[in-house]
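Below is the file protein_36.pdb, which contains PDB, C-alpha atoms.
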ATOM      1  CA  MET A   1       0.000   0.000   0.000  1.00  0.00           C
ATOM      2  CA  ASP A   2       2.833   2.403   0.774  1.00  0.00           C
ATOM      3  CA  ALA A   3       4.395   1.846  -2.665  1.00  0.00           C
ATOM      4  CA  LYS A   4       1.051   2.597  -4.329  1.00  0.00           C
ATOM      5  CA  ARG A   5       0.601   5.711  -2.165  1.00  0.00           C
ATOM      6  CA  GLU A   6       4.080   6.987  -3.060  1.00  0.00           C
ATOM      7  CA  GLN A   7       3.472   6.305  -6.745  1.00  0.00           C
ATOM      8  CA  LEU A   8       0.191   8.232  -6.614  1.00  0.00           C
ATOM      9  CA  LYS A   9       1.799  11.126  -4.719  1.00  0.00           C
ATOM     10  CA  LYS A  10       4.564  11.416  -7.337  1.00  0.00           C
ATOM     11  CA  LYS A  11       2.002  11.287 -10.127  1.00  0.00           C
ATOM     12  CA  PHE A  12      -0.064  13.945  -8.358  1.00  0.00           C
ATOM     13  CA  GLU A  13       2.960  16.237  -7.910  1.00  0.00           C
ATOM     14  CA  HIS A  14       3.809  15.906 -11.597  1.00  0.00           C
ATOM     15  CA  HIS A  15       0.269  16.773 -12.715  1.00  0.00           C
ATOM     16  CA  PHE A  16      -0.059  19.497 -10.085  1.00  0.00           C
ATOM     17  CA  GLU A  17       3.082  21.193 -11.420  1.00  0.00           C
ATOM     18  CA  GLN A  18       1.706  20.976 -14.954  1.00  0.00           C
ATOM     19  CA  ALA A  19      -1.693  22.354 -13.893  1.00  0.00           C
ATOM     20  CA  THR A  20      -0.020  25.185 -11.965  1.00  0.00           C
ATOM     21  CA  ARG A  21       2.093  26.134 -14.974  1.00  0.00           C
ATOM     22  CA  LEU A  22      -0.905  26.025 -17.325  1.00  0.00           C
ATOM     23  CA  ALA A  23      -3.092  28.069 -14.972  1.00  0.00           C
ATOM     24  CA  ALA A  24      -0.363  30.729 -14.685  1.00  0.00           C
ATOM     25  CA  GLU A  25       0.002  30.836 -18.488  1.00  0.00           C
ATOM     26  CA  ILE A  26      -3.764  31.215 -18.963  1.00  0.00           C
ATOM     27  CA  GLN A  27      -3.877  33.957 -16.326  1.00  0.00           C
ATOM     28  CA  ALA A  28      -0.988  35.801 -18.039  1.00  0.00           C
ATOM     29  CA  LEU A  29      -2.738  35.622 -21.432  1.00  0.00           C
ATOM     30  CA  GLU A  30      -5.997  36.881 -19.942  1.00  0.00           C
ATOM     31  CA  GLN A  31      -4.245  39.790 -18.218  1.00  0.00           C
ATOM     32  CA  GLY A  32      -2.279  40.810 -21.306  1.00  0.00           C
ATOM     33  CA  ASP A  33       0.781  43.033 -21.196  1.00  0.00           C
ATOM     34  CA  GLN A  34      -0.370  45.087 -18.217  1.00  0.00           C
ATOM     35  CA  VAL A  35       1.388  44.675 -14.895  1.00  0.00           C
ATOM     36  CA  PRO A  36      -1.304  43.185 -12.642  1.00  0.00           C
ATOM     37  CA  HIS A  37      -1.933  44.142  -9.061  1.00  0.00           C
ATOM     38  CA  PHE A  38      -1.258  41.154  -6.793  1.00  0.00           C
ATOM     39  CA  ASP A  39      -5.005  40.856  -6.131  1.00  0.00           C
ATOM     40  CA  ASP A  40      -5.424  40.158  -9.847  1.00  0.00           C
ATOM     41  CA  ILE A  41      -3.098  37.161  -9.426  1.00  0.00           C
ATOM     42  CA  GLU A  42      -4.258  35.975  -6.009  1.00  0.00           C
ATOM     43  CA  LEU A  43      -8.056  36.048  -6.410  1.00  0.00           C
ATOM     44  CA  PRO A  44      -8.260  33.949  -9.606  1.00  0.00           C
ATOM     45  CA  ALA A  45      -5.726  31.507  -8.121  1.00  0.00           C
ATOM     46  CA  HIS A  46      -7.830  31.211  -4.971  1.00  0.00           C
ATOM     47  CA  GLU A  47     -10.985  30.617  -7.040  1.00  0.00           C
ATOM     48  CA  LEU A  48      -9.178  27.867  -8.940  1.00  0.00           C
ATOM     49  CA  GLY A  49      -8.133  26.280  -5.628  1.00  0.00           C
ATOM     50  CA  GLN A  50     -11.745  26.304  -4.459  1.00  0.00           C
ATOM     51  CA  ARG A  51     -12.839  24.701  -7.734  1.00  0.00           C
ATOM     52  CA  PHE A  52     -10.219  21.973  -7.232  1.00  0.00           C
ATOM     53  CA  SER A  53     -11.424  21.416  -3.661  1.00  0.00           C
ATOM     54  CA  ARG A  54     -15.060  21.112  -4.743  1.00  0.00           C
ATOM     55  CA  GLY A  55     -14.099  18.581  -7.391  1.00  0.00           C
ATOM     56  CA  ILE A  56     -12.220  16.449  -4.855  1.00  0.00           C
ATOM     57  CA  GLN A  57     -15.125  16.604  -2.390  1.00  0.00           C
ATOM     58  CA  GLU A  58     -17.646  15.518  -5.031  1.00  0.00           C
ATOM     59  CA  LYS A  59     -15.451  12.666  -6.287  1.00  0.00           C
ATOM     60  CA  ARG A  60     -14.647  11.297  -2.802  1.00  0.00           C
ATOM     61  CA  ALA A  61     -18.254  11.555  -1.605  1.00  0.00           C
ATOM     62  CA  ARG A  62     -19.405   9.622  -4.684  1.00  0.00           C
ATOM     63  CA  GLU A  63     -16.735   6.936  -4.125  1.00  0.00           C
ATOM     64  CA  VAL A  64     -17.829   6.531  -0.495  1.00  0.00           C
ATOM     65  CA  ALA A  65     -21.526   6.490  -1.433  1.00  0.00           C
ATOM     66  CA  LEU A  66     -20.954   3.748  -4.009  1.00  0.00           C
ATOM     67  CA  LYS A  67     -19.718   1.472  -1.203  1.00  0.00           C
ATOM     68  CA  LYS A  68     -23.206   1.540   0.298  1.00  0.00           C
ATOM     69  CA  PRO A  69     -24.854  -1.648   1.521  1.00  0.00           C
ATOM     70  CA  ASP A  70     -27.752  -3.021  -0.537  1.00  0.00           C
ATOM     71  CA  LYS A  71     -30.060  -2.783   2.473  1.00  0.00           C
ATOM     72  CA  ALA A  72     -29.942  -1.079   5.856  1.00  0.00           C
ATOM     73  CA  SER A  73     -31.951  -1.388   9.068  1.00  0.00           C
ATOM     74  CA  CYS A  74     -34.190   1.456  10.094  1.00  0.00           C
ATOM     75  CA  PRO A  75     -32.760   2.915  13.318  1.00  0.00           C
ATOM     76  CA  HIS A  76     -36.275   2.983  14.843  1.00  0.00           C
ATOM     77  CA  CYS A  77     -38.078  -0.224  13.838  1.00  0.00           C
ATOM     78  CA  ARG A  78     -35.021  -2.243  12.701  1.00  0.00           C
ATOM     79  CA  ARG A  79     -36.667  -3.419   9.472  1.00  0.00           C
ATOM     80  CA  LYS A  80     -34.376  -3.617   6.459  1.00  0.00           C
ATOM     81  CA  TYR A  81     -34.943  -1.373   3.449  1.00  0.00           C
ATOM     82  CA  PRO A  82     -33.097  -0.839   0.159  1.00  0.00           C
ATOM     83  CA  VAL A  83     -30.416   1.821   0.085  1.00  0.00           C
ATOM     84  CA  GLU A  84     -30.273   4.228  -2.861  1.00  0.00           C
ATOM     85  CA  ILE A  85     -27.866   6.994  -3.744  1.00  0.00           C
ATOM     86  CA  GLU A  86     -29.319  10.488  -3.814  1.00  0.00           C
ATOM     87  CA  VAL A  87     -27.570  13.625  -4.962  1.00  0.00           C
ATOM     88  CA  ARG A  88     -28.235  16.999  -3.408  1.00  0.00           C
ATOM     89  CA  THR A  89     -26.533  20.347  -3.454  1.00  0.00           C
ATOM     90  CA  VAL A  90     -24.756  21.308  -0.240  1.00  0.00           C
ATOM     91  CA  HIS A  91     -22.628  24.337   0.507  1.00  0.00           C
ATOM     92  CA  SER A  92     -19.085  23.397   1.478  1.00  0.00           C
ATOM     93  CA  MET A  93     -16.623  25.985   2.744  1.00  0.00           C
ATOM     94  CA  ASP A  94     -15.418  26.253  -0.875  1.00  0.00           C
ATOM     95  CA  GLY A  95     -18.845  26.667  -2.429  1.00  0.00           C
ATOM     96  CA  PRO A  96     -21.718  24.484  -3.609  1.00  0.00           C
ATOM     97  CA  ILE A  97     -21.100  20.828  -4.432  1.00  0.00           C
ATOM     98  CA  GLU A  98     -23.260  17.963  -5.635  1.00  0.00           C
ATOM     99  CA  LEU A  99     -23.119  15.539  -2.706  1.00  0.00           C
ATOM    100  CA  ALA A 100     -23.938  11.891  -3.401  1.00  0.00           C
ATOM    101  CA  GLU A 101     -25.031   9.994  -0.320  1.00  0.00           C
ATOM    102  CA  PRO A 102     -26.707   6.706   0.553  1.00  0.00           C
ATOM    103  CA  VAL A 103     -30.300   7.077   1.746  1.00  0.00           C
ATOM    104  CA  ALA A 104     -33.005   4.592   2.713  1.00  0.00           C
ATOM    105  CA  TYR A 105     -36.707   5.137   3.294  1.00  0.00           C
ATOM    106  CA  CYS A 106     -38.636   3.266   5.973  1.00  0.00           C
ATOM    107  CA  ARG A 107     -42.240   2.866   4.827  1.00  0.00           C
ATOM    108  CA  ARG A 108     -43.358   1.791   8.290  1.00  0.00           C
ATOM    109  CA  CYS A 109     -41.872   4.779  10.148  1.00  0.00           C
ATOM    110  CA  ARG A 110     -42.401   7.112   7.165  1.00  0.00           C
ATOM    111  CA  ARG A 111     -38.953   8.593   7.388  1.00  0.00           C
ATOM    112  CA  ARG A 112     -35.706   8.662   5.500  1.00  0.00           C
ATOM    113  CA  PHE A 113     -32.489   7.615   7.163  1.00  0.00           C
ATOM    114  CA  PHE A 114     -28.847   7.745   6.231  1.00  0.00           C
ATOM    115  CA  PRO A 115     -27.098   4.385   6.732  1.00  0.00           C
ATOM    116  CA  SER A 116     -23.674   6.051   6.822  1.00  0.00           C
ATOM    117  CA  ALA A 117     -24.682   7.750  10.071  1.00  0.00           C
ATOM    118  CA  PHE A 118     -24.866   4.322  11.705  1.00  0.00           C
ATOM    119  CA  CYS A 119     -21.567   2.954  10.426  1.00  0.00           C
ATOM    120  CA  ASN A 120     -18.343   2.673  12.436  1.00  0.00           C
ATOM    121  CA  GLY A 121     -20.102   2.728  15.782  1.00  0.00           C
ATOM    122  CA  VAL A 122     -21.598   6.212  15.259  1.00  0.00           C
ATOM    123  CA  ARG A 123     -25.253   6.478  16.274  1.00  0.00           C
TER     124      ARG A 123
END

Using structure tokens, write down the structure that the file contains.
Amino acid sequence: MDAKREQLKKKFEHHFEQATRLAAEIQALEQGDQVPHFDDIELPAHELGQRFSRGIQEKRAREVALKKPDKASCPHCRRKYPVEIEVRTVHSMDGPIELAEPVAYCRRCRRRFFPSAFCNGVR
């Protein structure tokens, strides 16, 4: 696992350097020959960082949601119901993201529940 992690980290660093270089080149083209104020460099870079963060959050949440069980027990009546993946917009600290999450609906209790809330000993 450590070899795989190191390989992925090296690959990430390589692509991160390329993305950084490309983003700087695009920013320079958009700003033209004028000498930009630092804000004109910092703010677009920060927005790009937030976009990157949102993309990571969406991808990881989807990966976790896809590991859902087929069925889950209602926390109230303990009957098992199918688990589906629902997508909803939530506001992360970096802006809105499409969050995929496992959800089940108990027909008896007439309520939705989130099986992930009951995993790993959390209740």

Open item on the list: I need the output of the PyMOL selection byres ((chain A and resi 61) around 12) for this file as a list of chain:residue names; which residues are they?
Closed with: A:Arg54, A:Gly55, A:Ile56, A:Gln57, A:Glu58, A:Lys59, A:Arg60, A:Arg62, A:Glu63, A:Val64, A:Ala65, A:Leu66, A:Lys67, A:Lys68, A:Ile85, A:Glu86, A:Val87, A:Arg88, A:Val90, A:Ile97, A:Glu98, A:Leu99, A:Ala100, A:Glu101, A:Pro102, A:Ser116

Open item on the list: Could you tell me how far CA of Gly95 (chain A) sits from CA of Leu22 (chain A), in Å to one decimal place?
Closed with: 23.3 Å

- [ ] State, in Å with one decimal place, the distance from CA of Ala72 (chain A) to CA of Ala104 (chain A).
- [x] 7.2 Å

Task: Point-to-point distance from CA of Phe52 (chain A) to CA of His14 (chain A), Å rounded to tenths - done: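 Taking CA of Phe52 (chain A) and CA of His14 (chain A), their separation equals 15.9 Å.
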
Report the centre and edge lengths, in Å to one decimal, of an axis-aligned box enclosing every atom of region 17-22 of chain A listed in the file, padded by 5 Å on each side, as AutoDock Vina command-line options.
--center_x 0.7 --center_y 23.6 --center_z -14.4 --size_x 14.8 --size_y 15.2 --size_z 15.9

- [ ] Fewer than 4 positions away in the same chain doesn't count, so skip those; otherwise give me all residues within 9 Å of Pro69 (chain A), counting only C-alpha atoms, as an MDAnalysis selection string.
- [x] chainID A and resid 82:83 102 115

Task: Shell around region 40-51 of chain A at 12 Å using only C-alpha atoms, local window under 3 positions removed, as a list in words - done: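 The filter keeps Phe16, Ala19, Thr20, Arg21, Leu22, Ala23, Ala24, Glu25, Ile26, Gln27, Ala28, Glu30, Gln31, Gly32, Gln34, Val35, Pro36, His37, Arg54, Gly55, Ile56, Gln57, Glu58, Ser92, Met93, Asp94, Gly95, Pro96 and Ile97 of chain A.
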
- [ ] Would you write out, as a ChimeraX atom specification, every residue that the PyMOL selection byres ((chain A and resi 76) around 12) captures in this file?
- [x] /A:72-75,77-80,105-113,118,123

Open item on the list: With distances taken over all atoms listed in the file, which residue among A:Val103, A:Leu29, A:Leu8, A:Met1 lies nearest Glu84 (chain A)?
Closed with: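 Checking each of A:Val103, A:Leu29, A:Leu8, A:Met1 against Glu84 (chain A), counting all atoms listed in the file, the winner is A:Val103.
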